[in-house]
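Next comes structure.csv, with CSV, C-alpha atoms.
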chain,number,residue,atom,x,y,z
A,25,MET,CA,69.0,76.3,116.1
A,26,ASN,CA,66.8,79.2,114.7
A,27,GLY,CA,69.5,81.7,115.9
A,28,SER,CA,72.1,79.7,114.1
A,29,HIS,CA,70.1,79.6,110.9
A,30,GLY,CA,69.5,83.3,111.3
A,31,ARG,CA,73.2,84.1,111.6
A,32,GLU,CA,74.0,81.9,108.6
A,33,GLY,CA,71.3,83.6,106.5
A,34,LEU,CA,72.7,87.1,107.4
A,35,LEU,CA,76.2,85.9,106.6
A,36,LEU,CA,75.2,84.7,103.2
A,37,LYS,CA,73.3,88.0,102.6
A,38,ILE,CA,76.4,90.0,103.4
A,39,ILE,CA,78.5,87.8,101.1
A,40,GLU,CA,75.9,88.3,98.3
A,41,MET,CA,76.0,92.1,98.9
A,42,THR,CA,79.7,92.2,98.3
A,43,TYR,CA,79.2,90.8,94.8
A,44,ALA,CA,76.1,92.9,94.0
A,45,ALA,CA,77.8,96.2,94.8
A,46,VAL,CA,78.6,98.4,91.9
A,47,ASP,CA,81.9,99.7,93.4
A,48,ASN,CA,84.0,99.4,96.5
A,49,SER,CA,82.3,102.3,98.2
A,50,GLN,CA,78.8,100.7,98.0
A,51,MET,CA,80.3,97.3,99.0
A,52,CYS,CA,81.9,98.8,102.2
A,53,HIS,CA,78.8,100.8,103.0
A,54,SER,CA,76.6,97.7,102.9
A,55,LEU,CA,79.2,95.7,104.8
A,56,PHE,CA,79.7,98.2,107.6
A,57,SER,CA,75.9,98.5,107.9
A,58,ALA,CA,75.1,94.8,108.1
A,59,LEU,CA,78.1,93.4,109.8
A,60,PRO,CA,77.4,94.8,113.4
A,61,ASP,CA,74.5,92.3,113.6
A,62,LEU,CA,77.1,89.5,113.5
A,63,ILE,CA,80.2,91.3,115.0
A,64,PRO,CA,79.5,94.4,117.1
A,65,PHE,CA,82.2,97.0,116.6
A,66,SER,CA,82.6,100.8,117.1
A,67,SER,CA,84.6,101.7,113.9
A,68,GLY,CA,86.2,100.1,110.9
A,69,VAL,CA,88.4,100.7,107.9
A,70,PHE,CA,88.9,99.4,104.4
A,71,MET,CA,92.1,100.0,102.5
A,72,PRO,CA,92.9,98.6,99.0
A,73,VAL,CA,96.4,97.3,98.2
A,74,ASN,CA,98.3,98.6,95.2
A,75,ALA,CA,99.2,95.4,93.3
A,76,GLU,CA,102.3,96.9,91.7
A,77,THR,CA,103.9,98.3,94.9
A,78,MET,CA,102.2,96.3,97.7
A,79,GLU,CA,101.4,99.7,99.4
A,80,LEU,CA,98.2,100.4,101.3
A,81,GLU,CA,96.1,103.1,99.7
A,82,LYS,CA,93.5,105.5,101.0
A,83,GLY,CA,90.1,103.7,101.4
A,84,LEU,CA,87.0,104.1,103.4
A,85,CYS,CA,86.2,104.7,107.0
A,86,PHE,CA,83.3,103.8,109.2
A,87,ASN,CA,82.6,105.9,112.3
A,88,CYS,CA,86.1,107.4,112.2
A,89,GLN,CA,87.6,110.6,110.8
A,90,PRO,CA,88.8,110.2,107.2
A,91,ALA,CA,91.7,112.5,107.9
A,92,LEU,CA,93.1,109.9,110.3
A,93,MET,CA,93.5,107.5,107.5
A,94,GLU,CA,95.8,110.0,105.7
A,95,THR,CA,97.8,110.4,109.0
A,96,TYR,CA,98.0,106.6,109.3
A,97,LEU,CA,99.3,106.1,105.7
A,98,ALA,CA,101.8,109.0,105.9
A,99,HIS,CA,103.3,108.1,109.3
A,100,TYR,CA,101.7,105.5,111.6
A,101,ALA,CA,101.6,102.6,109.1
A,102,LEU,CA,105.3,102.4,109.8
A,103,GLN,CA,104.6,101.3,113.4
A,104,ASP,CA,101.4,99.3,112.9
A,105,PRO,CA,101.9,95.8,114.4
A,106,PHE,CA,99.6,94.4,111.7
A,107,VAL,CA,101.9,95.8,109.0
A,108,LEU,CA,105.2,94.8,110.8
A,109,ARG,CA,104.1,91.3,111.8
A,110,GLN,CA,100.9,89.7,110.8
A,111,PRO,CA,98.7,89.4,108.7
A,112,SER,CA,101.2,89.6,105.8
A,113,PRO,CA,101.4,88.9,102.1
A,114,MET,CA,102.3,85.3,103.0
A,115,LEU,CA,99.3,84.9,105.3
A,116,LEU,CA,96.2,86.0,103.2
A,117,ASN,CA,92.6,85.6,104.2
A,118,GLN,CA,93.3,84.7,107.8
A,119,THR,CA,91.8,87.0,110.4
A,120,MET,CA,94.0,88.2,113.3
A,121,ARG,CA,93.3,89.9,116.6
A,122,LEU,CA,95.6,92.8,117.5
A,123,SER,CA,96.0,91.2,120.9
A,124,ASP,CA,97.4,88.0,119.4
A,125,VAL,CA,99.9,90.0,117.3
A,126,ILE,CA,101.5,92.0,120.0
A,127,PRO,CA,101.3,91.9,123.9
A,128,ALA,CA,99.4,94.8,125.4
A,129,ALA,CA,102.4,96.0,127.5
A,130,GLU,CA,104.6,96.1,124.4
A,131,LEU,CA,101.9,97.9,122.4
A,132,GLY,CA,101.5,100.5,125.2
A,133,ARG,CA,105.2,101.4,124.8
A,134,SER,CA,105.0,101.8,121.0
A,135,GLU,CA,104.4,104.9,119.0
A,136,PHE,CA,101.4,103.3,117.4
A,137,SER,CA,99.5,103.4,120.7
A,138,GLU,CA,99.4,107.2,120.1
A,139,PHE,CA,97.5,106.7,116.9
A,140,MET,CA,95.1,104.3,118.6
A,141,ARG,CA,94.2,107.0,121.1
A,142,GLN,CA,93.6,109.5,118.3
A,143,ALA,CA,91.4,107.0,116.5
A,144,SER,CA,89.6,106.0,119.8
A,145,TYR,CA,90.0,102.3,119.7
A,146,HIS,CA,91.7,99.7,121.8
A,147,HIS,CA,90.9,96.3,120.2
A,148,ALA,CA,91.2,95.4,116.5
A,149,LEU,CA,90.3,92.5,114.2
A,150,GLY,CA,91.9,92.6,110.8
A,151,ILE,CA,92.3,90.5,107.6
A,152,LEU,CA,94.4,90.9,104.6
A,153,THR,CA,92.3,89.6,101.7
A,154,GLY,CA,93.6,88.3,98.5
A,155,VAL,CA,93.2,86.2,95.4
A,156,ALA,CA,95.8,83.7,94.0
A,157,GLN,CA,98.4,84.8,96.6
A,158,GLN,CA,97.9,88.5,95.5
A,159,PRO,CA,96.9,90.9,98.3
A,160,VAL,CA,93.8,92.9,97.4
A,161,ALA,CA,92.7,94.9,100.4
A,162,VAL,CA,92.8,95.2,104.2
A,163,PHE,CA,89.6,95.2,106.2
A,164,SER,CA,89.5,95.8,110.0
A,165,VAL,CA,87.0,96.5,112.7
A,166,HIS,CA,87.7,98.1,116.1
A,167,ARG,CA,86.3,98.2,119.6
A,168,GLN,CA,87.0,100.7,122.4
A,169,ARG,CA,88.8,100.1,125.7
A,170,HIS,CA,85.6,99.6,127.7
A,171,GLU,CA,84.4,96.9,125.3
A,172,ARG,CA,85.5,93.3,125.3
A,173,ASP,CA,88.1,92.0,122.9
A,174,PHE,CA,87.1,90.1,119.8
A,175,CYS,CA,86.7,86.4,120.1
A,176,ALA,CA,87.3,83.3,118.0
A,177,ASP,CA,83.7,83.4,116.8
A,178,ASP,CA,84.2,86.9,115.5
A,179,GLN,CA,87.4,85.8,113.7
A,180,SER,CA,85.6,82.9,112.0
A,181,ILE,CA,82.9,85.2,110.6
A,182,LEU,CA,85.4,87.6,109.1
A,183,ASP,CA,87.4,84.6,107.8
A,184,ARG,CA,84.4,83.6,105.8
A,185,ILE,CA,83.6,87.1,104.5
A,186,GLY,CA,87.2,88.2,103.7
A,187,PRO,CA,88.0,86.1,100.6
A,188,HIS,CA,84.7,87.2,99.1
A,189,LEU,CA,85.7,90.8,99.5
A,190,ALA,CA,88.9,90.1,97.4
A,191,ASN,CA,87.0,88.1,94.8
A,192,ALA,CA,84.3,90.8,94.4
A,193,ILE,CA,86.9,93.6,94.0
A,194,THR,CA,88.9,91.6,91.5
A,195,LEU,CA,85.8,90.7,89.5
A,196,ARG,CA,84.7,94.3,89.3
A,197,GLN,CA,88.1,95.4,88.1
A,198,GLN,CA,88.1,92.7,85.4
A,199,LEU,CA,84.6,93.7,84.2
A,200,SER,CA,85.5,97.4,84.1
A,201,ASP,CA,88.8,96.7,82.2
A,202,PRO,CA,89.0,93.2,80.8
A,203,GLY,CA,92.6,93.8,79.8
A,204,GLN,CA,93.7,94.7,83.3
A,205,ARG,CA,96.0,92.2,84.9
A,206,SER,CA,98.8,92.6,87.4
A,207,GLU,CA,102.1,91.6,85.7
A,208,THR,CA,104.4,93.1,88.3
A,209,GLY,CA,106.8,90.6,89.9
A,210,ILE,CA,108.0,91.7,93.3
A,211,LEU,CA,111.0,90.2,95.2
A,212,VAL,CA,112.4,91.2,98.6
A,213,PHE,CA,116.0,90.4,99.6
A,214,GLY,CA,117.4,90.7,103.1
A,215,GLY,CA,120.7,92.3,104.0
A,216,THR,CA,122.6,89.1,103.3
A,217,GLY,CA,121.0,88.6,99.8
A,218,ARG,CA,118.6,85.9,100.9
A,219,ALA,CA,115.3,86.0,99.1
A,220,LEU,CA,112.6,86.7,101.8
A,221,TYR,CA,109.6,87.0,99.6
A,222,LEU,CA,108.5,86.5,96.0
A,223,ASN,CA,104.9,87.2,94.8
A,224,THR,CA,103.1,84.9,92.5
A,225,VAL,CA,104.0,86.8,89.4
A,226,ALA,CA,107.7,86.7,90.3
A,227,GLN,CA,107.6,83.0,90.9
A,228,ARG,CA,106.0,82.4,87.5
A,229,ILE,CA,108.5,84.6,85.7
A,230,LEU,CA,111.5,83.1,87.3
A,231,GLY,CA,110.6,79.5,87.0
A,232,THR,CA,113.8,77.6,87.8
A,233,THR,CA,116.0,80.7,87.7
A,234,SER,CA,117.5,81.6,91.1
A,235,PRO,CA,116.3,84.9,92.6
A,236,GLN,CA,119.9,85.7,93.4
A,237,ALA,CA,120.6,85.8,89.7
A,238,LEU,CA,118.4,88.9,89.5
A,239,LEU,CA,120.0,90.4,92.5
A,240,SER,CA,123.4,90.1,90.9
A,241,VAL,CA,122.4,92.3,87.9
A,242,LEU,CA,120.0,94.7,89.7
A,243,PRO,CA,121.4,98.2,89.2
A,244,ALA,CA,121.8,100.6,92.0
A,245,ASN,CA,119.8,103.2,90.1
A,246,GLY,CA,117.6,103.1,87.0
A,247,SER,CA,116.7,99.9,85.4
A,248,VAL,CA,118.0,97.1,83.2
A,249,VAL,CA,116.4,95.0,80.5
A,250,ILE,CA,116.9,91.3,81.1
A,251,ASN,CA,115.8,88.2,79.1
A,252,LEU,CA,114.1,85.3,80.9
A,253,ALA,CA,112.7,82.3,79.0
A,254,SER,CA,113.0,84.3,75.8
A,255,GLN,CA,110.9,87.2,77.2
A,256,CYS,CA,112.1,90.7,78.0
A,257,PHE,CA,111.5,92.2,81.4
A,258,ARG,CA,112.5,95.5,83.0
A,259,LEU,CA,114.3,95.0,86.3
A,260,SER,CA,114.5,97.9,88.8
A,261,ARG,CA,114.6,98.7,92.5
A,262,MET,CA,111.6,100.0,94.5
A,263,PRO,CA,111.9,102.2,97.6
A,264,LEU,CA,110.4,100.9,100.8
A,265,ALA,CA,107.3,103.2,101.3
A,266,THR,CA,105.8,104.0,104.6
A,267,ALA,CA,102.6,102.1,104.0
A,268,SER,CA,104.2,99.2,102.3
A,269,LEU,CA,103.1,95.7,103.3
A,270,LEU,CA,106.7,94.6,102.5
A,271,ARG,CA,108.0,96.3,105.6
A,272,ARG,CA,107.8,93.1,107.6
A,273,PHE,CA,110.5,91.7,105.4
A,274,ALA,CA,112.7,94.7,105.9
A,275,ILE,CA,114.9,92.7,108.3
A,276,GLU,CA,115.9,89.1,107.8
A,277,GLU,CA,115.1,88.3,111.4
A,278,THR,CA,111.4,88.6,110.6
A,279,ALA,CA,111.0,84.8,110.7
A,280,SER,CA,112.7,84.6,114.1
A,281,GLY,CA,110.8,87.4,115.7
A,282,PRO,CA,111.8,90.8,117.2
A,283,ASN,CA,113.3,89.5,120.4
A,284,GLU,CA,116.4,88.3,118.5
A,285,CYS,CA,117.3,91.6,116.9
A,286,LEU,CA,119.1,93.2,119.9
A,287,PRO,CA,120.6,92.2,123.2
A,288,ALA,CA,118.2,91.1,125.9
A,289,ASP,CA,118.3,94.5,127.8
A,290,GLU,CA,117.0,96.4,124.8
A,291,ASP,CA,113.3,97.1,124.2
A,292,PRO,CA,112.0,94.6,121.7
A,293,TRP,CA,109.5,97.0,120.2
A,294,GLU,CA,112.2,99.6,119.6
A,295,CYS,CA,114.3,96.9,117.9
A,296,TRP,CA,111.5,95.8,115.7
A,297,SER,CA,110.0,99.1,114.7
A,298,GLY,CA,113.4,100.9,114.5
A,299,ALA,CA,114.9,98.3,112.2
A,300,THR,CA,112.0,98.3,109.8
A,301,ARG,CA,111.9,102.1,109.9
A,302,LYS,CA,115.4,102.2,108.5
A,303,GLY,CA,114.9,99.3,106.1
A,304,ALA,CA,117.9,97.4,107.5
A,305,GLY,CA,119.5,96.9,104.1
A,306,ALA,CA,116.5,95.3,102.5
A,307,VAL,CA,116.3,95.4,98.7
A,308,ILE,CA,113.0,95.3,96.8
A,309,ALA,CA,113.3,94.3,93.1
A,310,VAL,CA,110.5,94.8,90.6
A,311,LEU,CA,110.1,92.8,87.4
A,312,GLN,CA,107.8,94.1,84.7
A,313,PRO,CA,107.2,93.0,81.1
A,314,PHE,CA,109.2,95.1,78.6
A,315,HIS,CA,107.2,95.8,75.5
A,316,GLN,CA,109.8,97.8,73.6
A,317,ARG,CA,107.7,99.7,71.2
A,318,ILE,CA,105.0,100.6,73.7
A,319,ASP,CA,107.6,101.5,76.4
A,320,LEU,CA,109.7,103.6,74.1
A,321,THR,CA,106.7,105.4,72.6
A,322,ARG,CA,105.3,106.4,76.0
A,323,ARG,CA,108.6,107.7,77.2
A,324,LEU,CA,109.5,109.6,74.1
A,325,ALA,CA,106.3,111.7,74.6
A,326,ASN,CA,108.2,113.6,77.3
A,327,TYR,CA,110.5,115.4,74.9
A,328,GLY,CA,108.0,117.4,72.8
A,329,LEU,CA,108.9,115.7,69.5
A,330,SER,CA,106.9,116.3,66.3
A,331,PRO,CA,105.0,113.2,65.0
A,332,ARG,CA,107.7,112.6,62.4
A,333,GLN,CA,110.5,113.0,64.9
A,334,HIS,CA,108.7,110.6,67.2
A,335,GLU,CA,108.4,108.1,64.4
A,336,VAL,CA,112.1,108.4,63.6
A,337,ALA,CA,113.1,108.1,67.2
A,338,VAL,CA,111.1,104.9,67.7
A,339,TRP,CA,112.7,103.2,64.7
A,340,ALA,CA,116.2,104.4,65.7
A,341,LEU,CA,115.8,103.1,69.2
A,342,ARG,CA,114.7,99.7,67.8
A,343,GLY,CA,118.0,99.4,66.2
A,344,LEU,CA,117.4,100.5,62.6
A,345,ALA,CA,120.1,102.3,60.7
A,346,ASN,CA,119.4,105.7,59.1
A,347,GLY,CA,119.1,104.2,55.6
A,348,GLU,CA,116.6,101.6,56.8
A,349,ILE,CA,114.5,104.2,58.5
A,350,ALA,CA,114.5,106.3,55.4
A,351,ARG,CA,113.2,103.4,53.3
A,352,ARG,CA,110.5,102.5,55.8
A,353,ILE,CA,109.0,106.0,56.1
A,354,PHE,CA,109.7,107.2,52.6
A,355,ILE,CA,112.1,110.1,53.3
A,356,SER,CA,115.7,110.8,52.5
A,357,GLU,CA,118.6,109.5,54.6
A,358,GLN,CA,119.7,113.1,55.1
A,359,THR,CA,116.3,114.1,56.4
A,360,VAL,CA,116.6,111.2,58.9
A,361,ARG,CA,119.9,112.5,60.1
A,362,GLU,CA,118.5,116.0,60.5
A,363,HIS,CA,115.6,114.6,62.5
A,364,CYS,CA,118.0,112.6,64.7
A,365,GLN,CA,120.0,115.7,65.5
A,366,GLU,CA,116.9,117.6,66.5
A,367,ILE,CA,115.8,114.6,68.6
A,368,TYR,CA,119.1,114.5,70.4
A,369,PHE,CA,118.9,118.2,71.1
A,370,ARG,CA,115.5,118.0,72.6
A,371,ALA,CA,116.4,115.1,74.7
A,372,GLY,CA,119.6,116.7,75.9
A,373,VAL,CA,121.9,113.9,74.5
A,374,ARG,CA,124.6,113.6,71.8
A,375,THR,CA,124.3,110.0,70.6
A,376,ARG,CA,121.8,107.2,69.9
A,377,ALA,CA,123.2,105.2,72.8
A,378,GLU,CA,122.8,108.1,75.2
A,379,LEU,CA,119.2,108.6,74.0
A,380,LEU,CA,118.4,105.0,74.6
A,381,ALA,CA,119.9,105.2,78.1
A,382,LYS,CA,117.9,108.3,78.9
A,383,VAL,CA,114.6,107.1,77.4
A,384,LEU,CA,114.9,103.8,79.3
A,385,GLY,CA,115.5,105.7,82.5
A,386,SER,CA,118.8,103.9,83.0
A,387,SER,CA,121.8,105.1,84.9
A,388,GLY,CA,124.1,104.7,82.0
A,389,ALA,CA,124.7,103.0,78.6
A,390,GLY,CA,126.1,100.0,80.3
A,391,SER,CA,122.9,99.2,82.2
A,392,ILE,CA,120.6,99.0,79.2
A,393,ALA,CA,122.1,96.0,77.6
A,394,GLU,CA,119.9,93.0,77.4
A,395,ILE,CA,121.0,90.4,79.9
A,396,SER,CA,120.1,86.7,79.5
A,397,LEU,CA,119.6,84.7,82.7
Starting from the file, lay out its structure as C-alpha cells.
Amino acid sequence: MNGSHGREGLLLKIIEMTYAAVDNSQMCHSLFSALPDLIPFSSGVFMPVNAETMELEKGLCFNCQPALMETYLAHYALQDPFVLRQPSPMLLNQTMRLSDVIPAAELGRSEFSEFMRQASYHHALGILTGVAQQPVAVFSVHRQRHERDFCADDQSILDRIGPHLANAITLRQQLSDPGQRSETGILVFGGTGRALYLNTVAQRILGTTSPQALLSVLPANGSVVINLASQCFRLSRMPLATASLLRRFAIEETASGPNECLPADEDPWECWSGATRKGAGAVIAVLQPFHQRIDLTRRLANYGLSPRQHEVAVWALRGLANGEIARRIFISEQTVREHCQEIYFRAGVRTRAELLAKVLGSSGAGSIAEISL
C-alpha cells in the first residue's frame, strides 16, 4: 500500500512539474529526470508538432545524440511505424508500444530498423499528446535489446502524464502570446477523393459543407480565396513532408491495413512504407482565414515599394478606382496612375489583375476569384 501511495505521489509530482516549468526544455529535463523512478528507460525523445503543417519538429533528447533527431526528421520519419500506423492524429493521448504497432519480424525487414540500431534501442513506448483533437507533441521512451519490453503498467503511467504535457505546453504558449491560436484547417483526401482526415478547425469551418466541395475548387498550384458562411478563407495545397504525421493517410487503404495493398506474395512492409513514401495520390488541403488588408500588406512588402506606393497598392487591390484612391489619400488622380505604373514595374506585371494574382500567390487571374460554397 505504501509503495502504491509512493508511486501515486511521484506521479502527481511529475504532473505538477510539467505545469511549473518555464519552457519545454525545463519541462523535459524534469520529466526525463523523474520518470525513470516510475518507468525505467535507457533513452527518450520529445518532439513538438507544428499545428499548421502537422509536421514533427526538432525537440529534445535524453541519453541519445541530438544529431540523430535531425537524421530521423530528414529521412527515417518516413519509415517510422509510429508515424505510418499509430499513434495518429485520430488517436491522441493513448500510449502505444512499438511491439503492438508492428511485428518484430516485419520491423526487422524495414529500413527503420537501421535507425534503431544507430540510436541503440529495441523497445519503444510512445504517445502523441494533444488538446481538443489538436496534436501538440510526441513523447517516447526506449529500452535496449537486453532489457524487457514495456508493459501495460508502463503504458498506464504515460497515459496519465501525456495529456498534461499537451496542456502545459498549450498554456505556456497562450501566456507568452495571448493572441496565438491555431486557425489552420487541414483536410486529407485519398486518391479517389474520399476525405480521410479533417482536423478540428477544418470541421468547424466547414460545418455542413461537404469536404468534396473544397476538393472541387482546390487549384493545382497557388491558392484560391473562397467564401464559407460569409467568411473568406485561403485554400491551397500542402506538400507531404517527410516528418508529417499525415503520412499514415497517404493511402486510402490505411483503415484496412498494409496487407491489402499488394498481392499476398509481396512484402507487406514494402507495400506500406513504399506507398506512403510516394504519397499514393493523397491530397492535403489547407484552409486559413483570409484577412485581405493584413494579407496584402504583408505580401506587398516583397516588392520594395515606397510607403506611398504601398498605400496606393493596398487600396487598388481592395478594389478602389484611381479617383477614389486619390480622394482618400489627398493626391491627384494622375499621381495615382503614376504610382500604379511604378508598382506594376516593380512587381513585374502589367495590370491590376496580374498584380492581384501575383500578390496572392495564385497561378493565374482565374484562380483568385472569390468562390462561395
So the first atom is atom CA of A:Val249 and the second is atom CA of A:Ala267; what is the distance between them in Å, to one decimal place?
28.2 Å
A:Gly217 proximity check over A:Ala306, A:Val165, A:Cys88, A:Gly186, using all atoms listed in the file: winner is A:Ala306
Between A:Ser234, A:Asn48, A:Asn326, A:Asn346, which residue has the minimum interatomic distance to A:Gly372, considering only C-alpha atoms?
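With only C-alpha atoms as the atom set, the closest residue is A:Asn326.
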In Å to one decimal, how far is atom CA of A:Leu62 from atom CA of A:Ile181?
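Interatomic distance, atom CA of A:Ile181 to atom CA of A:Leu62: 7.8 Å.
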Quick one: everything within 12 Å of A:Met120, counting all atoms listed in the file, minus sequence neighbours fewer than 3 positions away in the same chain. Send it as an MDAnalysis selection string.
chainID A and resid 105:107 109:112 115:117 123:126 147:153 162:165 173:183 186
Counting only C-alpha atoms, find the residues whose atoms lie at most 6 Å from (84.4, 101.7, 120.7) (file coordinates) and write them out as an MDAnalysis selection string.
chainID A and resid 66 145 167:168
So what do you get for atom CA of A:Arg272 versus atom CA of A:Pro235, distance-wise?
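Taking atom CA of A:Arg272 and atom CA of A:Pro235, their separation equals 19.1 Å.
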Which residue is closest to A:His53? Choose from A:Gly68, A:Gly132, A:Gly347, A:Gly246 and count all atoms listed in the file.
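The answer is A:Gly68, which sits nearest to A:His53.
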Restricting the calculation to all atoms listed in the file: of A:Ala161, A:Leu324, A:Ile193, A:Leu311, which residue gets closest to A:Ala226?
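Distance minimum relative to A:Ala226 lands on A:Leu311.
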Surrounding residues of A:His334 excluding itself and chain neighbours under 2 positions, 10 Å, all atoms listed in the file, as an mmCIF file with C-alpha atoms, in the coordinates of the input:
data_model
loop_
_atom_site.group_PDB
_atom_site.id
_atom_site.type_symbol
_atom_site.label_atom_id
_atom_site.label_comp_id
_atom_site.auth_asym_id
_atom_site.auth_seq_id
_atom_site.Cartn_x
_atom_site.Cartn_y
_atom_site.Cartn_z
ATOM 1 C CA LEU A 320 109.700 103.600 74.100
ATOM 2 C CA THR A 321 106.700 105.400 72.600
ATOM 3 C CA LEU A 324 109.500 109.600 74.100
ATOM 4 C CA ALA A 325 106.300 111.700 74.600
ATOM 5 C CA TYR A 327 110.500 115.400 74.900
ATOM 6 C CA GLY A 328 108.000 117.400 72.800
ATOM 7 C CA LEU A 329 108.900 115.700 69.500
ATOM 8 C CA SER A 330 106.900 116.300 66.300
ATOM 9 C CA PRO A 331 105.000 113.200 65.000
ATOM 10 C CA ARG A 332 107.700 112.600 62.400
ATOM 11 C CA VAL A 336 112.100 108.400 63.600
ATOM 12 C CA ALA A 337 113.100 108.100 67.200
ATOM 13 C CA VAL A 338 111.100 104.900 67.700
ATOM 14 C CA TRP A 339 112.700 103.200 64.700
ATOM 15 C CA ALA A 340 116.200 104.400 65.700
ATOM 16 C CA HIS A 363 115.600 114.600 62.500
ATOM 17 C CA CYS A 364 118.000 112.600 64.700
ATOM 18 C CA ILE A 367 115.800 114.600 68.600
#
If we count only C-alpha atoms, what is near stretch 260-264 of chain A at a cut-off of 6 Å, once residues fewer than 5 positions away on the same chain are taken out, given as a PyMOL selection string?
chain A and resi 247+308-310
For A:Val307, find every residue with an atom within 12 Å (counting all atoms listed in the file), except residues of its own chain fewer than 5 positions away, and show them as number ranges by chain.
A: 210-221, 236, 238-240, 242-244, 260-264, 270-271, 273-276, 302
Between A:Leu252, A:Ser54, A:Lys382, A:Leu199, which is the closest to A:Thr232 once you count only C-alpha atoms?
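Of all the options, A:Leu252 lies closest to A:Thr232.
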Which of A:Asn74, A:Gln103, A:Ala44, A:Ser200 sits closest to A:Arg133 [using all atoms listed in the file]:
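Checking each candidate against A:Arg133, we get A:Gln103 as the closest.
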Contacts of stretch 93-100 of chain A at 7 Å or less, counting all atoms listed in the file, minus same-chain residues fewer than 3 places along, as a list of chain:residue names?
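Result of the neighbour search: A:Lys82, A:Pro90, A:Gln103, A:Asp104, A:Phe136, A:Phe139, A:Thr266, A:Ala267.
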